[in-house]
$ cat target.tsv   # TSV, N, CA and C atoms
chain	number	residue	atom	x	y	z
A	1	MET	N	153.94	22.38	9.79
A	1	MET	CA	154.99	23.22	10.33
A	1	MET	C	155.18	22.92	11.82
A	2	MET	N	156.43	22.88	12.24
A	2	MET	CA	156.74	22.65	13.64
A	2	MET	C	156.43	23.90	14.45
A	3	LYS	N	155.86	23.68	15.65
A	3	LYS	CA	155.54	24.77	16.55
A	3	LYS	C	156.33	24.56	17.84
A	4	PHE	N	156.86	25.63	18.38
A	4	PHE	CA	157.76	25.54	19.53
A	4	PHE	C	157.24	26.31	20.73
A	5	LEU	N	157.53	25.78	21.91
A	5	LEU	CA	157.28	26.45	23.17
A	5	LEU	C	158.63	26.52	23.89
A	6	ILE	N	159.14	27.73	24.05
A	6	ILE	CA	160.44	27.93	24.67
A	6	ILE	C	160.25	28.08	26.18
A	7	ASP	N	160.95	27.27	26.93
A	7	ASP	CA	160.85	27.24	28.38
A	7	ASP	C	161.61	28.41	29.00
A	8	ASN	N	161.30	28.68	30.27
A	8	ASN	CA	161.92	29.77	31.01
A	8	ASN	C	163.43	29.62	31.17
A	9	ALA	N	163.96	28.42	31.00
A	9	ALA	CA	165.40	28.22	31.11
A	9	ALA	C	166.15	28.88	29.95
A	10	LEU	N	165.42	29.29	28.93
A	10	LEU	CA	166.01	29.97	27.78
A	10	LEU	C	165.38	31.35	27.63
A	11	SER	N	166.09	32.21	26.99
A	11	SER	CA	165.65	33.59	26.79
A	11	SER	C	164.49	33.68	25.79
A	12	PRO	N	163.60	34.66	25.99
A	12	PRO	CA	162.58	34.92	24.97
A	12	PRO	C	163.17	35.25	23.60
A	13	LEU	N	164.44	35.65	23.57
A	13	LEU	CA	165.10	35.95	22.29
A	13	LEU	C	165.24	34.70	21.42
A	14	VAL	N	165.29	33.52	22.05
A	14	VAL	CA	165.32	32.28	21.26
A	14	VAL	C	164.01	32.12	20.51
A	15	ALA	N	162.89	32.36	21.20
A	15	ALA	CA	161.58	32.29	20.54
A	15	ALA	C	161.50	33.33	19.43
A	16	LYS	N	161.97	34.53	19.71
A	16	LYS	CA	161.93	35.61	18.71
A	16	LYS	C	162.74	35.23	17.47
A	17	SER	N	163.91	34.65	17.67
A	17	SER	CA	164.75	34.25	16.53
A	17	SER	C	164.08	33.18	15.69
A	18	LEU	N	163.47	32.19	16.35
A	18	LEU	CA	162.75	31.14	15.61
A	18	LEU	C	161.58	31.74	14.85
A	19	TYR	N	160.84	32.63	15.50
A	19	TYR	CA	159.69	33.28	14.86
A	19	TYR	C	160.14	34.07	13.63
A	20	GLU	N	161.23	34.81	13.77
A	20	GLU	CA	161.75	35.61	12.65
A	20	GLU	C	162.25	34.72	11.52
A	21	ALA	N	162.59	33.48	11.83
A	21	ALA	CA	163.03	32.53	10.80
A	21	ALA	C	161.84	31.83	10.15
A	22	GLY	N	160.62	32.18	10.58
A	22	GLY	CA	159.42	31.64	9.94
A	22	GLY	C	158.72	30.53	10.71
A	23	TYR	N	159.18	30.25	11.93
A	23	TYR	CA	158.56	29.20	12.73
A	23	TYR	C	157.54	29.79	13.70
A	24	ASP	N	156.59	28.98	14.08
A	24	ASP	CA	155.61	29.35	15.09
A	24	ASP	C	156.26	29.06	16.44
A	25	ALA	N	156.79	30.09	17.08
A	25	ALA	CA	157.52	29.92	18.33
A	25	ALA	C	157.05	30.95	19.34
A	26	ILE	N	156.76	30.46	20.55
A	26	ILE	CA	156.39	31.34	21.65
A	26	ILE	C	157.19	30.97	22.88
A	27	HIS	N	157.32	31.93	23.76
A	27	HIS	CA	158.00	31.71	25.04
A	27	HIS	C	156.94	31.53	26.10
A	28	VAL	N	157.24	30.79	27.15
A	28	VAL	CA	156.26	30.56	28.22
A	28	VAL	C	155.74	31.89	28.79
A	29	ARG	N	156.56	32.92	28.77
A	29	ARG	CA	156.13	34.24	29.25
A	29	ARG	C	155.00	34.81	28.41
A	30	ASP	N	155.01	34.49	27.11
A	30	ASP	CA	153.99	35.01	26.20
A	30	ASP	C	152.59	34.52	26.55
A	31	ILE	N	152.52	33.37	27.22
A	31	ILE	CA	151.22	32.77	27.50
A	31	ILE	C	150.96	32.61	29.00
A	32	GLY	N	151.73	33.32	29.80
A	32	GLY	CA	151.50	33.31	31.23
A	32	GLY	C	151.93	32.06	31.96
A	33	LEU	N	152.83	31.28	31.36
A	33	LEU	CA	153.29	30.05	32.01
A	33	LEU	C	154.71	30.18	32.58
A	34	HIS	N	155.20	31.41	32.74
A	34	HIS	CA	156.57	31.60	33.21
A	34	HIS	C	156.80	31.10	34.63
A	35	ASN	N	155.75	30.99	35.43
A	35	ASN	CA	155.87	30.44	36.79
A	35	ASN	C	155.25	29.05	36.90
A	36	ALA	N	154.90	28.46	35.79
A	36	ALA	CA	154.21	27.17	35.79
A	36	ALA	C	155.18	26.03	36.09
A	37	ALA	N	154.62	24.97	36.67
A	37	ALA	CA	155.40	23.75	36.88
A	37	ALA	C	155.67	23.10	35.53
A	38	ASP	N	156.74	22.33	35.47
A	38	ASP	CA	157.11	21.66	34.22
A	38	ASP	C	155.96	20.83	33.66
A	39	ILE	N	155.22	20.16	34.52
A	39	ILE	CA	154.11	19.32	34.06
A	39	ILE	C	153.04	20.15	33.36
A	40	GLU	N	152.82	21.38	33.82
A	40	GLU	CA	151.86	22.26	33.17
A	40	GLU	C	152.35	22.68	31.78
A	41	ILE	N	153.64	22.90	31.69
A	41	ILE	CA	154.24	23.25	30.39
A	41	ILE	C	154.09	22.07	29.43
A	42	PHE	N	154.32	20.84	29.94
A	42	PHE	CA	154.13	19.64	29.12
A	42	PHE	C	152.69	19.53	28.63
A	43	ARG	N	151.76	19.73	29.53
A	43	ARG	CA	150.35	19.62	29.15
A	43	ARG	C	150.00	20.63	28.06
A	44	TYR	N	150.42	21.87	28.27
A	44	TYR	CA	150.13	22.91	27.28
A	44	TYR	C	150.74	22.54	25.94
A	45	ALA	N	152.01	22.13	25.95
A	45	ALA	CA	152.69	21.78	24.71
A	45	ALA	C	151.99	20.62	24.01
A	46	GLY	N	151.61	19.60	24.76
A	46	GLY	CA	150.91	18.45	24.17
A	46	GLY	C	149.57	18.83	23.59
A	47	GLU	N	148.80	19.63	24.32
A	47	GLU	CA	147.47	20.04	23.86
A	47	GLU	C	147.53	20.96	22.65
A	48	ASN	N	148.65	21.65	22.49
A	48	ASN	CA	148.77	22.63	21.41
A	48	ASN	C	149.79	22.23	20.36
A	49	ASN	N	150.18	20.95	20.37
A	49	ASN	CA	151.09	20.40	19.37
A	49	ASN	C	152.38	21.23	19.24
A	50	ARG	N	152.98	21.52	20.39
A	50	ARG	CA	154.21	22.31	20.41
A	50	ARG	C	155.37	21.47	20.93
A	51	ILE	N	156.53	21.74	20.43
A	51	ILE	CA	157.77	21.10	20.86
A	51	ILE	C	158.37	21.97	21.95
A	52	VAL	N	158.68	21.38	23.09
A	52	VAL	CA	159.28	22.12	24.19
A	52	VAL	C	160.78	22.26	23.92
A	53	VAL	N	161.28	23.48	24.08
A	53	VAL	CA	162.72	23.74	23.94
A	53	VAL	C	163.20	24.29	25.27
A	54	SER	N	164.23	23.66	25.84
A	54	SER	CA	164.67	24.04	27.18
A	54	SER	C	166.15	23.73	27.38
A	55	ALA	N	166.67	24.24	28.48
A	55	ALA	CA	168.01	23.85	28.95
A	55	ALA	C	167.88	23.23	30.33
A	56	ASP	N	166.66	23.00	30.77
A	56	ASP	CA	166.36	22.44	32.08
A	56	ASP	C	166.39	20.92	32.00
A	57	THR	N	167.38	20.31	32.63
A	57	THR	CA	167.55	18.85	32.54
A	57	THR	C	166.44	18.10	33.26
A	58	ASP	N	165.64	18.78	34.07
A	58	ASP	CA	164.50	18.12	34.72
A	58	ASP	C	163.51	17.58	33.70
A	59	PHE	N	163.49	18.16	32.51
A	59	PHE	CA	162.55	17.70	31.50
A	59	PHE	C	162.84	16.26	31.07
A	60	GLY	N	164.09	15.85	31.09
A	60	GLY	CA	164.42	14.46	30.78
A	60	GLY	C	163.84	13.51	31.80
A	61	THR	N	163.95	13.85	33.07
A	61	THR	CA	163.36	13.05	34.13
A	61	THR	C	161.85	13.01	34.00
A	62	LEU	N	161.27	14.16	33.74
A	62	LEU	CA	159.82	14.24	33.59
A	62	LEU	C	159.33	13.40	32.41
A	63	LEU	N	160.10	13.37	31.33
A	63	LEU	CA	159.72	12.55	30.17
A	63	LEU	C	159.67	11.07	30.55
A	64	ALA	N	160.59	10.64	31.38
A	64	ALA	CA	160.61	9.23	31.79
A	64	ALA	C	159.36	8.90	32.61
A	65	ILE	N	158.93	9.83	33.44
A	65	ILE	CA	157.72	9.64	34.26
A	65	ILE	C	156.46	9.79	33.40
A	66	TRP	N	156.49	10.70	32.47
A	66	TRP	CA	155.35	11.06	31.62
A	66	TRP	C	154.83	9.87	30.83
A	67	GLU	N	155.73	9.04	30.31
A	67	GLU	CA	155.39	7.83	29.57
A	67	GLU	C	154.48	8.07	28.37
A	68	LYS	N	154.66	9.19	27.71
A	68	LYS	CA	153.89	9.50	26.51
A	68	LYS	C	154.85	9.81	25.38
A	69	SER	N	154.34	9.78	24.17
A	69	SER	CA	155.19	10.06	23.01
A	69	SER	C	155.09	11.51	22.56
A	70	GLU	N	154.44	12.33	23.36
A	70	GLU	CA	154.40	13.76	23.06
A	70	GLU	C	154.29	14.53	24.36
A	71	PRO	N	154.74	15.72	24.45
A	71	PRO	CA	155.37	16.49	23.38
A	71	PRO	C	156.84	16.11	23.21
A	72	SER	N	157.35	16.37	22.04
A	72	SER	CA	158.79	16.22	21.83
A	72	SER	C	159.49	17.34	22.59
A	73	VAL	N	160.74	17.08	22.94
A	73	VAL	CA	161.53	18.04	23.70
A	73	VAL	C	162.90	18.19	23.05
A	74	ILE	N	163.33	19.42	22.92
A	74	ILE	CA	164.70	19.73	22.53
A	74	ILE	C	165.38	20.27	23.78
A	75	LEU	N	166.47	19.64	24.15
A	75	LEU	CA	167.17	20.00	25.38
A	75	LEU	C	168.59	20.43	25.06
A	76	PHE	N	168.92	21.66	25.40
A	76	PHE	CA	170.29	22.14	25.25
A	76	PHE	C	171.10	21.69	26.45
A	77	ARG	N	172.25	21.04	26.19
A	77	ARG	CA	173.17	20.63	27.26
A	77	ARG	C	174.54	21.19	26.95
A	78	ARG	N	175.15	21.72	27.97
A	78	ARG	CA	176.51	22.26	27.86
A	78	ARG	C	176.62	23.41	26.86
A	79	VAL	N	175.51	23.93	26.40
A	79	VAL	CA	175.55	25.12	25.56
A	79	VAL	C	174.68	26.21	26.18
A	80	SER	N	174.25	25.98	27.41
A	80	SER	CA	173.34	26.92	28.05
A	80	SER	C	174.00	28.25	28.39
A	81	GLN	N	175.34	28.28	28.44
A	81	GLN	CA	176.02	29.53	28.71
A	81	GLN	C	176.15	30.39	27.46
A	82	ARG	N	175.77	29.86	26.34
A	82	ARG	CA	175.82	30.63	25.10
A	82	ARG	C	174.79	31.74	25.11
A	83	ARG	N	174.98	32.68	24.28
A	83	ARG	CA	174.01	33.75	24.12
A	83	ARG	C	172.78	33.23	23.39
A	84	PRO	N	171.63	33.84	23.64
A	84	PRO	CA	170.39	33.37	23.00
A	84	PRO	C	170.47	33.30	21.48
A	85	GLN	N	171.13	34.26	20.87
A	85	GLN	CA	171.25	34.24	19.41
A	85	GLN	C	172.05	33.04	18.94
A	86	GLN	N	173.06	32.65	19.71
A	86	GLN	CA	173.87	31.48	19.36
A	86	GLN	C	173.07	30.20	19.56
A	87	GLN	N	172.28	30.14	20.63
A	87	GLN	CA	171.43	28.97	20.85
A	87	GLN	C	170.43	28.82	19.71
A	88	ALA	N	169.81	29.93	19.33
A	88	ALA	CA	168.83	29.89	18.23
A	88	ALA	C	169.51	29.49	16.93
A	89	ALA	N	170.68	30.02	16.67
A	89	ALA	CA	171.40	29.68	15.43
A	89	ALA	C	171.75	28.19	15.40
A	90	LEU	N	172.17	27.64	16.54
A	90	LEU	CA	172.50	26.22	16.62
A	90	LEU	C	171.26	25.37	16.36
A	91	LEU	N	170.14	25.78	16.93
A	91	LEU	CA	168.89	25.05	16.71
A	91	LEU	C	168.45	25.14	15.26
A	92	LEU	N	168.46	26.33	14.71
A	92	LEU	CA	168.03	26.52	13.31
A	92	LEU	C	168.92	25.74	12.35
A	93	ALA	N	170.21	25.68	12.63
A	93	ALA	CA	171.14	24.96	11.77
A	93	ALA	C	170.88	23.46	11.75
A	94	ASN	N	170.22	22.95	12.80
A	94	ASN	CA	170.02	21.51	12.92
A	94	ASN	C	168.57	21.05	12.78
A	95	LEU	N	167.63	21.97	12.63
A	95	LEU	CA	166.22	21.60	12.61
A	95	LEU	C	165.86	20.61	11.51
A	96	LEU	N	166.39	20.80	10.33
A	96	LEU	CA	166.04	19.89	9.23
A	96	LEU	C	166.47	18.45	9.53
A	97	SER	N	167.60	18.30	10.19
A	97	SER	CA	168.10	16.94	10.46
A	97	SER	C	167.35	16.25	11.60
A	98	ILE	N	166.65	17.02	12.43
A	98	ILE	CA	165.93	16.40	13.56
A	98	ILE	C	164.41	16.49	13.41
A	99	GLU	N	163.94	17.08	12.33
A	99	GLU	CA	162.50	17.30	12.15
A	99	GLU	C	161.70	16.01	12.19
A	100	LYS	N	162.15	14.98	11.50
A	100	LYS	CA	161.42	13.71	11.46
A	100	LYS	C	161.28	13.11	12.85
A	101	ALA	N	162.36	13.13	13.62
A	101	ALA	CA	162.33	12.59	14.98
A	101	ALA	C	161.38	13.40	15.87
A	102	LEU	N	161.38	14.71	15.71
A	102	LEU	CA	160.51	15.56	16.52
A	102	LEU	C	159.04	15.30	16.20
A	103	LYS	N	158.74	15.11	14.94
A	103	LYS	CA	157.35	14.85	14.55
A	103	LYS	C	156.88	13.49	15.06
A	104	LYS	N	157.80	12.55	15.16
A	104	LYS	CA	157.47	11.20	15.62
A	104	LYS	C	157.30	11.14	17.14
A	105	GLY	N	158.00	12.00	17.85
A	105	GLY	CA	157.99	11.99	19.31
A	105	GLY	C	159.34	11.59	19.84
A	106	SER	N	160.16	12.57	20.21
A	106	SER	CA	161.53	12.29	20.65
A	106	SER	C	162.00	13.35	21.63
A	107	ILE	N	163.04	12.98	22.36
A	107	ILE	CA	163.82	13.97	23.08
A	107	ILE	C	165.11	14.12	22.30
A	108	VAL	N	165.44	15.34	21.94
A	108	VAL	CA	166.64	15.64	21.18
A	108	VAL	C	167.55	16.46	22.07
A	109	VAL	N	168.73	15.93	22.35
A	109	VAL	CA	169.69	16.62	23.20
A	109	VAL	C	170.75	17.23	22.28
A	110	ILE	N	170.84	18.54	22.35
A	110	ILE	CA	171.81	19.26	21.53
A	110	ILE	C	172.97	19.69	22.41
A	111	GLU	N	174.13	19.17	22.08
A	111	GLU	CA	175.36	19.54	22.77
A	111	GLU	C	176.23	20.32	21.80
A	112	GLU	N	177.34	20.78	22.29
A	112	GLU	CA	178.23	21.60	21.46
A	112	GLU	C	178.64	20.90	20.17
A	113	LYS	N	179.00	19.62	20.27
A	113	LYS	CA	179.55	18.93	19.10
A	113	LYS	C	178.76	17.71	18.67
A	114	ARG	N	177.59	17.47	19.29
A	114	ARG	CA	176.81	16.32	18.86
A	114	ARG	C	175.34	16.51	19.21
A	115	ILE	N	174.54	15.68	18.57
A	115	ILE	CA	173.10	15.66	18.82
A	115	ILE	C	172.72	14.22	19.12
A	116	ARG	N	171.97	14.02	20.21
A	116	ARG	CA	171.48	12.69	20.55
A	116	ARG	C	169.96	12.70	20.46
A	117	ILE	N	169.41	11.64	19.90
A	117	ILE	CA	167.96	11.52	19.74
A	117	ILE	C	167.50	10.24	20.41
A	118	ARG	N	166.45	10.38	21.21
A	118	ARG	CA	165.85	9.20	21.86
A	118	ARG	C	164.36	9.25	21.63
A	119	ASP	N	163.82	8.15	21.12
A	119	ASP	CA	162.39	8.07	20.85
A	119	ASP	C	161.59	8.09	22.15
A	120	LEU	N	160.41	8.64	22.06
A	120	LEU	CA	159.46	8.64	23.18
A	120	LEU	C	158.41	7.57	22.93
A	121	PRO	N	157.82	7.01	23.94
A	121	PRO	CA	158.09	7.27	25.35
A	121	PRO	C	159.37	6.59	25.81
A	122	ILE	N	159.94	7.15	26.87
A	122	ILE	CA	161.12	6.56	27.49
A	122	ILE	C	160.64	5.50	28.46
A	123	ASN	N	161.10	4.28	28.30
A	123	ASN	CA	160.67	3.18	29.19
A	123	ASN	C	161.74	2.86	30.21
$ encode --input "target.tsv" --output "structure tokens"
Amino acid sequence: MMKFLIDNALSPLVAKSLYEAGYDAIHVRDIGLHNAADIEIFRYAGENNRIVVSADTDFGTLLAIWEKSEPSVILFRRVSQRRPQQQAALLLANLLSIEKALKKGSIVVIEEKRIRIRDLPIN
């Protein structure tokens, strides 16, 4: 089962929606990482086999520096103004189609009308 760590750039309601849909999802606030640096969030996610979900574009830059194939990251672009329930619904509607890439190690960028997948590590 996929496990998710929702970053501070998204509402805790996204984690709640995923959890209610049967996924293991927590928000950084749940584990005291709400003020943590992105690198700390990456370490926690990697050590705990969690997929980072964020709208913070800094994670893409960090992935390039990180040079590892985990953790996978789901990045919302141009949909960050949506309500948390809409973000969660968009993610849930697409999870089956991106599950294989996430398990392999990828950054998945979800936009309003398309999804882009890039394998990790980014070279």
$ closest_residue --input "target.tsv" --among "A:Thr61, A:Asn48, A:Asn94, A:Gln85" --to "A:Ser17" --atoms "all atoms listed in the file"
A:Gln85
$ atom_distance --input "target.tsv" --atom1 "atom C of A:Phe76" --atom2 "atom N of A:Ser54"
7.2 Å
$ select_by_dssp --input "target.tsv" --residues "stretch 28-120 of chain A" --states "helix (DSSP H, G or I)" --output "ChimeraX atom specification"
/A:28-31,38-47,58-66,84-104
$ residues_around --input "target.tsv" --residues "stretch 100-103 of chain A" --least-positions-apart "5" --cutoff "7 Å" --atoms "all atoms listed in the file" --output "ChimeraX atom specification"
/A:72-73,95
$ atom_distance --input "target.tsv" --atom1 "atom CA of A:Tyr44" --atom2 "atom CA of A:Ser97"
25.3 Å
$ residues_near_point --input "target.tsv" --point "(164.1, 35.6, 19.2)" --cutoff "10 Å" --atoms "only C-alpha atoms" --output "PyMOL selection string"
chain A and resi 11-21+25-27+84-85+88
$ residues_near_point --input "target.tsv" --point "(157.9, 25.4, 20.3)" --cutoff "8 Å" --atoms "only C-alpha atoms" --output "list in words"
Met2, Lys3, Phe4, Leu5, Ile6, Ala15, Asp24, Ala25, Ile26, His27, Ala45, Arg50, Ile51, Val52 and Val53 of chain A
$ closest_residue --input "target.tsv" --among "A:Ile41, A:Ile122, A:Ile74, A:Leu10" --to "A:Glu99" --atoms "only C-alpha atoms"
A:Ile74
$ select_by_dssp --input "target.tsv" --residues "chain A" --states "strand (DSSP E or B)" --output "PyMOL selection string"
chain A and resi 3-6+24-27+51-54+73-76+106-110+115-119
$ atom_distance --input "target.tsv" --atom1 "atom CA of A:Ser69" --atom2 "atom CA of A:Arg118"
10.8 Å
$ closest_residue --input "target.tsv" --among "A:Leu91, A:Ile117, A:Met1, A:Ile107" --to "A:Gly60" --atoms "all atoms listed in the file"
A:Ile107
$ closest_residue --input "target.tsv" --among "A:Ile110, A:Leu120, A:Val28, A:Ala9" --to "A:Arg78" --atoms "only C-alpha atoms"
A:Ile110
$ axis_aligned_box --input "target.tsv" --around "stretch 89-101 of chain A" --padding-each-side "8 Å" --output "JSON"
{"center_x": 166.9, "center_y": 21.3, "center_z": 13.1, "size_x": 27.2, "size_y": 33.4, "size_z": 23.7}
$ residues_around --input "target.tsv" --residues "A:Asp38" --least-positions-apart "4" --cutoff "8 Å" --atoms "only C-alpha atoms" --output "PyMOL selection string"
chain A and resi 42+59+62
